[in-house]
Structure formats: C-alpha cells, structure tokens
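Heads up: the structure comes next, in structure tokens.
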Amino acid sequence: DMHDEIGAMLSAVKMNLSLASRKTEEPKKLSPLLDETSDMLKDSIQQVRHISHALLPPLLDKFGLVAALKSMVAKAQKEERPQLLFKIRGEEVRLEALKELGLYRVALEFINNAIKHAEAKQIRLHLQYEEDKISLEIKDDGKGFDLEGKKKEAKGLGLRNIESRIQAIGGEYSFQSSPGNGTHLQISLKSGSSDS
C-alpha cells in the first residue's frame with residue numbers, strides 16, 4: 001500500500017508540478033520554488049520506496065529467508081561495519097510469509113542495534129532447518145548491556161520490538177547480554193507449511 005498508493009500519489013504530484021511550471025505566466029519567479037518542491041518530492045518517493053522494500057523486501061517475498069539474509073549480510077559487508085558471518089544448516093523450507101518476515105525483521109533489528117550501540121567487531125548469524133522447526137541464533141561480540149535494566153528504560157524500544165516480533169510469529173526465544181560480554185539471541189519456531 002505504501003509503495004503502490006502513497007508512492008503513486010507522490011509521483012502524480014511531481015507530474016503536476018512539472019505541468020504547472022510549463023503553464024505559468026511567470027516561470028522565472030516560480031522556477032526556484034518549483035525546483036525545490038520537485039527535489040523534495042523526489043526524495044520522498046525514494047524514501048517511500050526504501051521503507052516499503054525494508055518492510056517486505058522483494059527478495060524475501062520471492063526467494064525466501066535464506067536469500068534475504070544473504071543479501072542483508074552482503075550489503076552490510078560493503079560498508080564500514082562489523083564483520084558479519086552467516087551459516088546455514090539443513091535444507092531450506094519456505095515458511096509462512098509472516099514467519100519469514102518476522103525472522104528477517106528480528107535479524108535486521110539485532111544487527112542495526114549491534115552496529116549502532118554495541119560497537120561490535122563481529123556478528124554471527126546461524127540459521128538451522130530441522131524436520132519440524134527452524135532456529136535462528138544471532139551473536140555479537142559487542143559491549144553488551146544490563147538486560148533487565150534496559151527493559152525498564154524508554155531506550156529499550158529496540159529490545160521490545162525484537163521480543164514482540166518473535167511473540168507475534170509464535171516463536172520461543174532466549175536473550176542474553178551483560179556488560180562486556182556481547183549479546184546472544186536464540187529463536188526457535190515450528191516450521192509449518194508455506195502459504196505461498
């Protein structure tokens with residue numbers, strides 16, 4: 001909806017601005033304002049595209065969790081970020097779309113937190129497929145934090161986001177962190193059949 005509706009509306013506004021600039025009787029007076037507005041719209045369209053792809057990456061939708069996580073890791077490695085190591089065990093089984101999206105978003109949130117706050121040098125992702133369940137383990141070697149204290153703070157929103165995403169897809173998890181000892185998240189959920 002964000003990409004198709006809001007993105008389309010912004011594009012239509014941009015076209016109307018272009019038409020208005022050609023039809024105005026005093027183009028020199030309006031030109032700077034129209035150019036500035038057009039640039040703002042261009043940025044807004046790019047932001048909508050970026051957000052909609054982050055919410056549901058096309059790669060995840062078409063090819064599944066493994067492909068989406070590999071792409072995420074590859075993109076992160078191109079930038080000045082911690083080393084990301086991704087290991088897969090077992091044969092991939094497509095999950096329900098919401099489960100795949102939930103796991104992807106948890107991994108993304110964890111990695112972003114590790115990069116922004118933990119000062120981690122290395123982040124490890126381990127995805128394992130078993131007969132009737134899937135598990136995702138994510139570890140960083142960052143500075144860690146007081147887990148219970150963080151839950152009580154307003155700043156603990158990222159942690160609460162991760163926990164609520166896991167609960168929303170019916171997953172079980174353990175979260176461990178302490179100052180100086182990095183952070184470790186273990187998630188497991190039943191693999192159920194894909195709805196795609």
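Labels used: A, B, ... for chains in the order of the structure tokens, numbers from 1 for residues in each chain, and numbers from 1 for ligands as shown.
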If you run DSSP over the backbone, which residues in region 1-169 of chain A end up strand (DSSP E or B)? Put them as number ranges by chain. A: 83-89, 122-129, 133-140
Kindly save the residues from that selection, with N, CA and C atoms included, as a short mmCIF file (atom, residue, chain, number, x, y, z; two decimals), in the first residue's frame.
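Just written: selection35.cif:
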data_model
loop_
_atom_site.label_atom_id
_atom_site.label_comp_id
_atom_site.auth_asym_id
_atom_site.auth_seq_id
_atom_site.Cartn_x
_atom_site.Cartn_y
_atom_site.Cartn_z
N GLN A 83 32.27 -7.28 10.97
CA GLN A 83 32.25 -8.48 10.13
C GLN A 83 30.97 -9.27 10.43
N LEU A 84 30.25 -9.67 9.38
CA LEU A 84 29.06 -10.50 9.55
C LEU A 84 29.32 -11.88 8.99
N LEU A 85 29.07 -12.89 9.78
CA LEU A 85 29.25 -14.28 9.36
C LEU A 85 27.89 -14.97 9.37
N PHE A 86 27.54 -15.60 8.26
CA PHE A 86 26.23 -16.24 8.13
C PHE A 86 26.42 -17.72 7.79
N LYS A 87 25.86 -18.57 8.64
CA LYS A 87 26.00 -20.02 8.46
C LYS A 87 24.60 -20.64 8.40
N ILE A 88 24.42 -21.59 7.47
CA ILE A 88 23.12 -22.26 7.32
C ILE A 88 23.33 -23.76 7.46
N ARG A 89 22.44 -24.40 8.19
CA ARG A 89 22.45 -25.86 8.29
C ARG A 89 21.08 -26.40 7.94
N GLN A 122 32.25 -8.19 15.40
CA GLN A 122 31.78 -9.35 14.64
C GLN A 122 30.36 -9.72 15.07
N ILE A 123 29.55 -10.06 14.08
CA ILE A 123 28.18 -10.52 14.34
C ILE A 123 28.01 -11.85 13.61
N ARG A 124 27.51 -12.85 14.32
CA ARG A 124 27.32 -14.18 13.74
C ARG A 124 25.83 -14.51 13.65
N LEU A 125 25.41 -14.98 12.48
CA LEU A 125 24.05 -15.49 12.30
C LEU A 125 24.14 -16.97 11.96
N HIS A 126 23.35 -17.77 12.63
CA HIS A 126 23.33 -19.20 12.37
C HIS A 126 21.86 -19.63 12.21
N LEU A 127 21.51 -20.03 11.00
CA LEU A 127 20.14 -20.44 10.68
C LEU A 127 20.13 -21.95 10.49
N GLN A 128 19.27 -22.64 11.23
CA GLN A 128 19.23 -24.10 11.16
C GLN A 128 17.82 -24.60 10.89
N TYR A 129 17.72 -25.44 9.84
CA TYR A 129 16.44 -26.07 9.49
C TYR A 129 16.46 -27.52 9.99
N LYS A 133 11.13 -27.79 12.78
CA LYS A 133 11.35 -26.46 13.36
C LYS A 133 12.53 -25.77 12.69
N ILE A 134 12.59 -24.49 12.94
CA ILE A 134 13.69 -23.67 12.44
C ILE A 134 14.24 -22.87 13.62
N SER A 135 15.53 -22.70 13.66
CA SER A 135 16.11 -21.89 14.72
C SER A 135 17.07 -20.86 14.11
N LEU A 136 17.09 -19.70 14.72
CA LEU A 136 17.97 -18.62 14.31
C LEU A 136 18.73 -18.15 15.53
N GLU A 137 20.04 -18.20 15.44
CA GLU A 137 20.90 -17.74 16.53
C GLU A 137 21.71 -16.55 16.03
N ILE A 138 21.72 -15.48 16.81
CA ILE A 138 22.49 -14.29 16.45
C ILE A 138 23.31 -13.87 17.66
N LYS A 139 24.61 -13.65 17.42
CA LYS A 139 25.52 -13.25 18.50
C LYS A 139 26.36 -12.07 18.03
N ASP A 140 26.66 -11.18 18.96
CA ASP A 140 27.68 -10.17 18.66
C ASP A 140 28.72 -10.16 19.78
#
For Phe175 (chain A), list every protein, DNA or RNA residue within 12 Å, evaluated using only C-alpha atoms, and leave out those in the same chain fewer than 2 positions away; present the list as a PDB file with N, CA and C atoms, in the first residue's frame.
ATOM      1  N   PHE A 110      18.355  -6.643  15.252  1.00  0.00           N
ATOM      2  CA  PHE A 110      19.504  -7.043  16.069  1.00  0.00           C
ATOM      3  C   PHE A 110      20.793  -6.467  15.481  1.00  0.00           C
ATOM      4  N   GLU A 137      20.045 -18.203  15.440  1.00  0.00           N
ATOM      5  CA  GLU A 137      20.901 -17.742  16.535  1.00  0.00           C
ATOM      6  C   GLU A 137      21.706 -16.545  16.034  1.00  0.00           C
ATOM      7  N   ILE A 138      21.718 -15.479  16.812  1.00  0.00           N
ATOM      8  CA  ILE A 138      22.486 -14.285  16.450  1.00  0.00           C
ATOM      9  C   ILE A 138      23.314 -13.866  17.661  1.00  0.00           C
ATOM     10  N   LYS A 139      24.608 -13.649  17.419  1.00  0.00           N
ATOM     11  CA  LYS A 139      25.524 -13.252  18.495  1.00  0.00           C
ATOM     12  C   LYS A 139      26.356 -12.071  18.028  1.00  0.00           C
ATOM     13  N   GLY A 144      27.788  -5.299  25.109  1.00  0.00           N
ATOM     14  CA  GLY A 144      26.713  -5.854  25.933  1.00  0.00           C
ATOM     15  C   GLY A 144      26.000  -4.793  26.749  1.00  0.00           C
ATOM     16  N   PHE A 145      25.023  -5.228  27.553  1.00  0.00           N
ATOM     17  CA  PHE A 145      24.254  -4.285  28.364  1.00  0.00           C
ATOM     18  C   PHE A 145      23.537  -5.041  29.478  1.00  0.00           C
ATOM     19  N   ASP A 146      23.010  -4.282  30.407  1.00  0.00           N
ATOM     20  CA  ASP A 146      22.220  -4.847  31.506  1.00  0.00           C
ATOM     21  C   ASP A 146      20.816  -5.129  30.963  1.00  0.00           C
ATOM     22  N   LEU A 147      20.535  -6.392  30.715  1.00  0.00           N
ATOM     23  CA  LEU A 147      19.297  -6.783  30.039  1.00  0.00           C
ATOM     24  C   LEU A 147      18.054  -6.338  30.804  1.00  0.00           C
ATOM     25  N   GLU A 148      18.001  -6.626  32.078  1.00  0.00           N
ATOM     26  CA  GLU A 148      16.809  -6.280  32.873  1.00  0.00           C
ATOM     27  C   GLU A 148      16.659  -4.767  32.997  1.00  0.00           C
ATOM     28  N   LYS A 151      15.261  -3.251  29.737  1.00  0.00           N
ATOM     29  CA  LYS A 151      13.821  -3.476  29.524  1.00  0.00           C
ATOM     30  C   LYS A 151      12.974  -2.406  30.217  1.00  0.00           C
ATOM     31  N   LEU A 159      14.845  -3.554  21.854  1.00  0.00           N
ATOM     32  CA  LEU A 159      14.743  -4.864  22.510  1.00  0.00           C
ATOM     33  C   LEU A 159      13.288  -5.319  22.572  1.00  0.00           C
ATOM     34  N   ARG A 160      12.398  -4.404  22.921  1.00  0.00           N
ATOM     35  CA  ARG A 160      10.968  -4.759  22.992  1.00  0.00           C
ATOM     36  C   ARG A 160      10.425  -5.076  21.601  1.00  0.00           C
ATOM     37  N   ILE A 162      12.086  -6.486  19.156  1.00  0.00           N
ATOM     38  CA  ILE A 162      12.542  -7.839  18.853  1.00  0.00           C
ATOM     39  C   ILE A 162      11.666  -8.868  19.556  1.00  0.00           C
ATOM     40  N   GLU A 163      11.430  -8.660  20.839  1.00  0.00           N
ATOM     41  CA  GLU A 163      10.629  -9.615  21.608  1.00  0.00           C
ATOM     42  C   GLU A 163       9.200  -9.701  21.069  1.00  0.00           C
ATOM     43  N   ILE A 166       9.026 -11.686  17.779  1.00  0.00           N
ATOM     44  CA  ILE A 166       9.164 -13.135  17.987  1.00  0.00           C
ATOM     45  C   ILE A 166       7.857 -13.706  18.523  1.00  0.00           C
ATOM     46  N   GLU A 172       9.745 -19.145  20.264  1.00  0.00           N
ATOM     47  CA  GLU A 172      10.317 -19.173  21.606  1.00  0.00           C
ATOM     48  C   GLU A 172      11.722 -18.595  21.507  1.00  0.00           C
ATOM     49  N   TYR A 173      12.172 -17.922  22.547  1.00  0.00           N
ATOM     50  CA  TYR A 173      13.478 -17.285  22.447  1.00  0.00           C
ATOM     51  C   TYR A 173      14.160 -17.183  23.798  1.00  0.00           C
ATOM     52  N   SER A 177      22.526 -11.025  27.635  1.00  0.00           N
ATOM     53  CA  SER A 177      23.501  -9.958  27.474  1.00  0.00           C
ATOM     54  C   SER A 177      23.919  -9.474  28.849  1.00  0.00           C
ATOM     55  N   SER A 178      25.150  -9.048  28.938  1.00  0.00           N
ATOM     56  CA  SER A 178      25.647  -8.420  30.167  1.00  0.00           C
ATOM     57  C   SER A 178      26.813  -7.527  29.778  1.00  0.00           C
ATOM     58  N   GLY A 182      28.922  -9.018  25.226  1.00  0.00           N
ATOM     59  CA  GLY A 182      28.161  -9.145  23.984  1.00  0.00           C
ATOM     60  C   GLY A 182      26.709  -9.499  24.220  1.00  0.00           C
ATOM     61  N   THR A 183      26.028  -9.808  23.130  1.00  0.00           N
ATOM     62  CA  THR A 183      24.602 -10.139  23.173  1.00  0.00           C
ATOM     63  C   THR A 183      24.355 -11.400  22.360  1.00  0.00           C
ATOM     64  N   HIS A 184      23.456 -12.247  22.873  1.00  0.00           N
ATOM     65  CA  HIS A 184      23.176 -13.540  22.255  1.00  0.00           C
ATOM     66  C   HIS A 184      21.659 -13.752  22.235  1.00  0.00           C
ATOM     67  N   LEU A 185      21.127 -13.968  21.045  1.00  0.00           N
ATOM     68  CA  LEU A 185      19.695 -14.225  20.872  1.00  0.00           C
ATOM     69  C   LEU A 185      19.509 -15.568  20.201  1.00  0.00           C
ATOM     70  N   GLN A 186      18.668 -16.408  20.782  1.00  0.00           N
ATOM     71  CA  GLN A 186      18.348 -17.719  20.210  1.00  0.00           C
ATOM     72  C   GLN A 186      16.832 -17.790  20.017  1.00  0.00           C
ATOM     73  N   ILE A 187      16.404 -18.066  18.784  1.00  0.00           N
ATOM     74  CA  ILE A 187      14.966 -18.148  18.465  1.00  0.00           C
ATOM     75  C   ILE A 187      14.675 -19.512  17.863  1.00  0.00           C
TER      76      ILE A 187
END
Within 12 Å of region 92-98 of chain A using only C-alpha atoms, minus same-chain residues under 5 positions, as a VMD selection string: chain A and resid 55 to 58 60 to 67 103 to 105 127 to 135 165 to 171 189 to 196
Dump N, CA and C atoms for the selected residues as an mmCIF file, in the first residue's frame?
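Ended up saving to part-v8.cif:
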data_model
loop_
_atom_site.group_PDB
_atom_site.id
_atom_site.type_symbol
_atom_site.label_atom_id
_atom_site.label_comp_id
_atom_site.auth_asym_id
_atom_site.auth_seq_id
_atom_site.Cartn_x
_atom_site.Cartn_y
_atom_site.Cartn_z
ATOM 1 N N LEU A 55 10.252 -3.023 4.676
ATOM 2 C CA LEU A 55 9.144 -3.703 5.348
ATOM 3 C C LEU A 55 8.912 -5.095 4.768
ATOM 4 N N LEU A 56 8.972 -5.218 3.466
ATOM 5 C CA LEU A 56 8.831 -6.522 2.813
ATOM 6 C C LEU A 56 9.769 -6.556 1.613
ATOM 7 N N PRO A 57 11.020 -6.961 1.847
ATOM 8 C CA PRO A 57 11.973 -6.979 0.737
ATOM 9 C C PRO A 57 11.506 -7.911 -0.373
ATOM 10 N N PRO A 58 11.544 -7.471 -1.627
ATOM 11 C CA PRO A 58 11.110 -8.330 -2.736
ATOM 12 C C PRO A 58 11.841 -9.667 -2.765
ATOM 13 N N LEU A 60 12.911 -11.414 -0.215
ATOM 14 C CA LEU A 60 12.307 -12.285 0.801
ATOM 15 C C LEU A 60 11.006 -12.876 0.284
ATOM 16 N N ASP A 61 10.198 -12.040 -0.319
ATOM 17 C CA ASP A 61 8.893 -12.468 -0.832
ATOM 18 C C ASP A 61 9.041 -13.532 -1.921
ATOM 19 N N LYS A 62 10.002 -13.325 -2.827
ATOM 20 C CA LYS A 62 10.143 -14.227 -3.975
ATOM 21 C C LYS A 62 10.984 -15.459 -3.685
ATOM 22 N N PHE A 63 12.096 -15.274 -2.953
ATOM 23 C CA PHE A 63 13.075 -16.357 -2.831
ATOM 24 C C PHE A 63 13.271 -16.902 -1.418
ATOM 25 N N GLY A 64 12.702 -16.240 -0.412
ATOM 26 C CA GLY A 64 12.753 -16.796 0.928
ATOM 27 C C GLY A 64 13.779 -16.177 1.852
ATOM 28 N N LEU A 65 13.781 -16.706 3.076
ATOM 29 C CA LEU A 65 14.564 -16.142 4.166
ATOM 30 C C LEU A 65 16.067 -16.225 3.923
ATOM 31 N N VAL A 66 16.546 -17.350 3.434
ATOM 32 C CA VAL A 66 17.990 -17.527 3.232
ATOM 33 C C VAL A 66 18.524 -16.487 2.252
ATOM 34 N N ALA A 67 17.849 -16.326 1.120
ATOM 35 C CA ALA A 67 18.281 -15.351 0.110
ATOM 36 C C ALA A 67 18.261 -13.931 0.673
ATOM 37 N N LEU A 103 11.216 -13.223 11.227
ATOM 38 C CA LEU A 103 12.611 -13.594 11.470
ATOM 39 C C LEU A 103 13.572 -12.619 10.800
ATOM 40 N N TYR A 104 13.240 -12.217 9.586
ATOM 41 C CA TYR A 104 14.081 -11.255 8.864
ATOM 42 C C TYR A 104 14.162 -9.934 9.621
ATOM 43 N N ARG A 105 13.015 -9.429 10.066
ATOM 44 C CA ARG A 105 12.973 -8.146 10.761
ATOM 45 C C ARG A 105 13.713 -8.206 12.101
ATOM 46 N N LEU A 127 21.508 -20.029 10.997
ATOM 47 C CA LEU A 127 20.137 -20.444 10.681
ATOM 48 C C LEU A 127 20.129 -21.953 10.490
ATOM 49 N N GLN A 128 19.269 -22.637 11.234
ATOM 50 C CA GLN A 128 19.232 -24.101 11.161
ATOM 51 C C GLN A 128 17.818 -24.599 10.889
ATOM 52 N N TYR A 129 17.718 -25.438 9.841
ATOM 53 C CA TYR A 129 16.441 -26.071 9.494
ATOM 54 C C TYR A 129 16.462 -27.515 9.990
ATOM 55 N N GLU A 130 15.455 -27.876 10.767
ATOM 56 C CA GLU A 130 15.297 -29.262 11.201
ATOM 57 C C GLU A 130 13.973 -29.776 10.655
ATOM 58 N N GLU A 131 13.621 -30.986 11.019
ATOM 59 C CA GLU A 131 12.444 -31.624 10.418
ATOM 60 C C GLU A 131 11.162 -30.828 10.640
ATOM 61 N N ASP A 132 10.963 -30.344 11.855
ATOM 62 C CA ASP A 132 9.699 -29.649 12.141
ATOM 63 C C ASP A 132 9.891 -28.276 12.769
ATOM 64 N N LYS A 133 11.125 -27.786 12.782
ATOM 65 C CA LYS A 133 11.349 -26.460 13.356
ATOM 66 C C LYS A 133 12.528 -25.765 12.691
ATOM 67 N N ILE A 134 12.593 -24.486 12.941
ATOM 68 C CA ILE A 134 13.695 -23.669 12.443
ATOM 69 C C ILE A 134 14.237 -22.871 13.623
ATOM 70 N N SER A 135 15.533 -22.702 13.658
ATOM 71 C CA SER A 135 16.115 -21.887 14.720
ATOM 72 C C SER A 135 17.070 -20.858 14.111
ATOM 73 N N ARG A 165 8.125 -9.052 18.036
ATOM 74 C CA ARG A 165 8.118 -9.700 16.720
ATOM 75 C C ARG A 165 8.187 -11.222 16.866
ATOM 76 N N ILE A 166 9.026 -11.686 17.779
ATOM 77 C CA ILE A 166 9.164 -13.135 17.987
ATOM 78 C C ILE A 166 7.857 -13.706 18.523
ATOM 79 N N GLN A 167 7.259 -13.029 19.483
ATOM 80 C CA GLN A 167 5.993 -13.495 20.053
ATOM 81 C C GLN A 167 4.887 -13.511 18.994
ATOM 82 N N ALA A 168 4.896 -12.512 18.099
ATOM 83 C CA ALA A 168 3.853 -12.412 17.072
ATOM 84 C C ALA A 168 3.873 -13.585 16.100
ATOM 85 N N ILE A 169 5.045 -14.216 15.905
ATOM 86 C CA ILE A 169 5.116 -15.354 14.980
ATOM 87 C C ILE A 169 5.127 -16.689 15.723
ATOM 88 N N GLY A 170 4.845 -16.642 17.033
ATOM 89 C CA GLY A 170 4.746 -17.878 17.815
ATOM 90 C C GLY A 170 6.077 -18.515 18.132
ATOM 91 N N GLY A 171 7.132 -17.713 18.173
ATOM 92 C CA GLY A 171 8.459 -18.259 18.443
ATOM 93 C C GLY A 171 8.802 -18.291 19.916
ATOM 94 N N LEU A 189 11.145 -21.803 16.219
ATOM 95 C CA LEU A 189 9.709 -21.886 15.971
ATOM 96 C C LEU A 189 9.392 -23.062 15.061
ATOM 97 N N LYS A 190 8.169 -23.499 15.149
ATOM 98 C CA LYS A 190 7.735 -24.616 14.294
ATOM 99 C C LYS A 190 7.720 -24.148 12.854
ATOM 100 N N SER A 191 8.128 -25.061 11.964
ATOM 101 C CA SER A 191 8.312 -24.625 10.582
ATOM 102 C C SER A 191 7.036 -24.623 9.764
ATOM 103 N N GLY A 192 5.955 -25.227 10.146
ATOM 104 C CA GLY A 192 4.675 -25.101 9.415
ATOM 105 C C GLY A 192 4.798 -24.994 7.920
ATOM 106 N N SER A 193 3.760 -25.177 7.186
ATOM 107 C CA SER A 193 3.828 -25.118 5.712
ATOM 108 C C SER A 193 3.769 -23.696 5.233
ATOM 109 N N SER A 194 4.335 -23.471 4.064
ATOM 110 C CA SER A 194 4.336 -22.134 3.455
ATOM 111 C C SER A 194 2.956 -21.832 2.905
ATOM 112 N N ASP A 195 2.597 -20.541 2.954
ATOM 113 C CA ASP A 195 1.325 -20.140 2.360
ATOM 114 C C ASP A 195 1.509 -19.552 0.989
ATOM 115 N N SER A 196 2.737 -19.649 0.439
ATOM 116 C CA SER A 196 2.971 -19.086 -0.881
ATOM 117 C C SER A 196 2.881 -20.170 -1.939
#
Judged by only C-alpha atoms, the minimum distance to Lys143 (chain A) among A:Ile51, A:Asn112, A:Ser174, A:Asn181 is found for A:Asn181
When DSSP is applied to the backbone of this structure, which of chain A are assigned helix (DSSP H, G or I)? Write them out as a ChimeraX atom specification. /A:2-23,27-55,58-63,65-78,97-118,147-152,154-168
So, counting only C-alpha atoms, which residue among A:Arg81, A:Lys99, A:Arg49, A:Lys152 is closest to Ile111 (chain A)?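 Looking at the shortest contact to Ile111 (chain A), the residue is A:Arg81.
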Give me the residues of region 30-141 of chain A that have any atom at most 12 Å from an atom of region 12-16 of chain A; for each, the nearest atom pair and the distance in Å, rounded to one decimal. Use only C-alpha atoms, sort by chain and number, and format it as JSON lines.
{"residue": "A:Leu34", "atom": "CA", "partner": "A:Lys14", "partner_atom": "CA", "distance": 9.6}
{"residue": "A:Asp35", "atom": "CA", "partner": "A:Lys14", "partner_atom": "CA", "distance": 10.3}
{"residue": "A:Glu36", "atom": "CA", "partner": "A:Lys14", "partner_atom": "CA", "distance": 11.3}
{"residue": "A:Thr37", "atom": "CA", "partner": "A:Lys14", "partner_atom": "CA", "distance": 8.5}
{"residue": "A:Ser38", "atom": "CA", "partner": "A:Lys14", "partner_atom": "CA", "distance": 6.1}
{"residue": "A:Asp39", "atom": "CA", "partner": "A:Lys14", "partner_atom": "CA", "distance": 9.1}
{"residue": "A:Met40", "atom": "CA", "partner": "A:Lys14", "partner_atom": "CA", "distance": 9.6}
{"residue": "A:Leu41", "atom": "CA", "partner": "A:Lys14", "partner_atom": "CA", "distance": 6.5}
{"residue": "A:Lys42", "atom": "CA", "partner": "A:Lys14", "partner_atom": "CA", "distance": 7.8}
{"residue": "A:Asp43", "atom": "CA", "partner": "A:Lys14", "partner_atom": "CA", "distance": 11.1}
{"residue": "A:Ser44", "atom": "CA", "partner": "A:Lys14", "partner_atom": "CA", "distance": 10.5}
{"residue": "A:Ile45", "atom": "CA", "partner": "A:Lys14", "partner_atom": "CA", "distance": 9.6}
Between CA of Asn113 (chain A) and CA of Gln176 (chain A), what is the distance, to one decimal in Å?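 Interatomic distance, CA of Asn113 (chain A) to CA of Gln176 (chain A): 14.4 Å.
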Would you mind reading off the distance between CA of Gly102 (chain A) and CA of Leu10 (chain A), one decimal, in Å? 28.9 Å
Distance in Å - CA of Ser188 (chain A) versus CA of Ala114 (chain A):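 Computing it gives 20.8 Å between the two atoms.
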When you count only C-alpha atoms, which of these residues is closest to Val106 (chain A): A:Gln46, A:Gly90, A:Asn161, A:Ala8?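 With only C-alpha atoms as the atom set, the closest residue is A:Asn161.
Nearest residue to His117 (chain A), choosing from A:Gly149, A:Leu19, A:Gly142, A:Met9 and counting only C-alpha atoms: A:Gly142.
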Between A:Ile6, A:Val73, A:Leu59, A:Ala20, which one has atoms that come closest to Gln47 (chain A), using only C-alpha atoms?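 Comparing A:Ile6, A:Val73, A:Leu59, A:Ala20 against Gln47 (chain A), the winner is A:Ile6.
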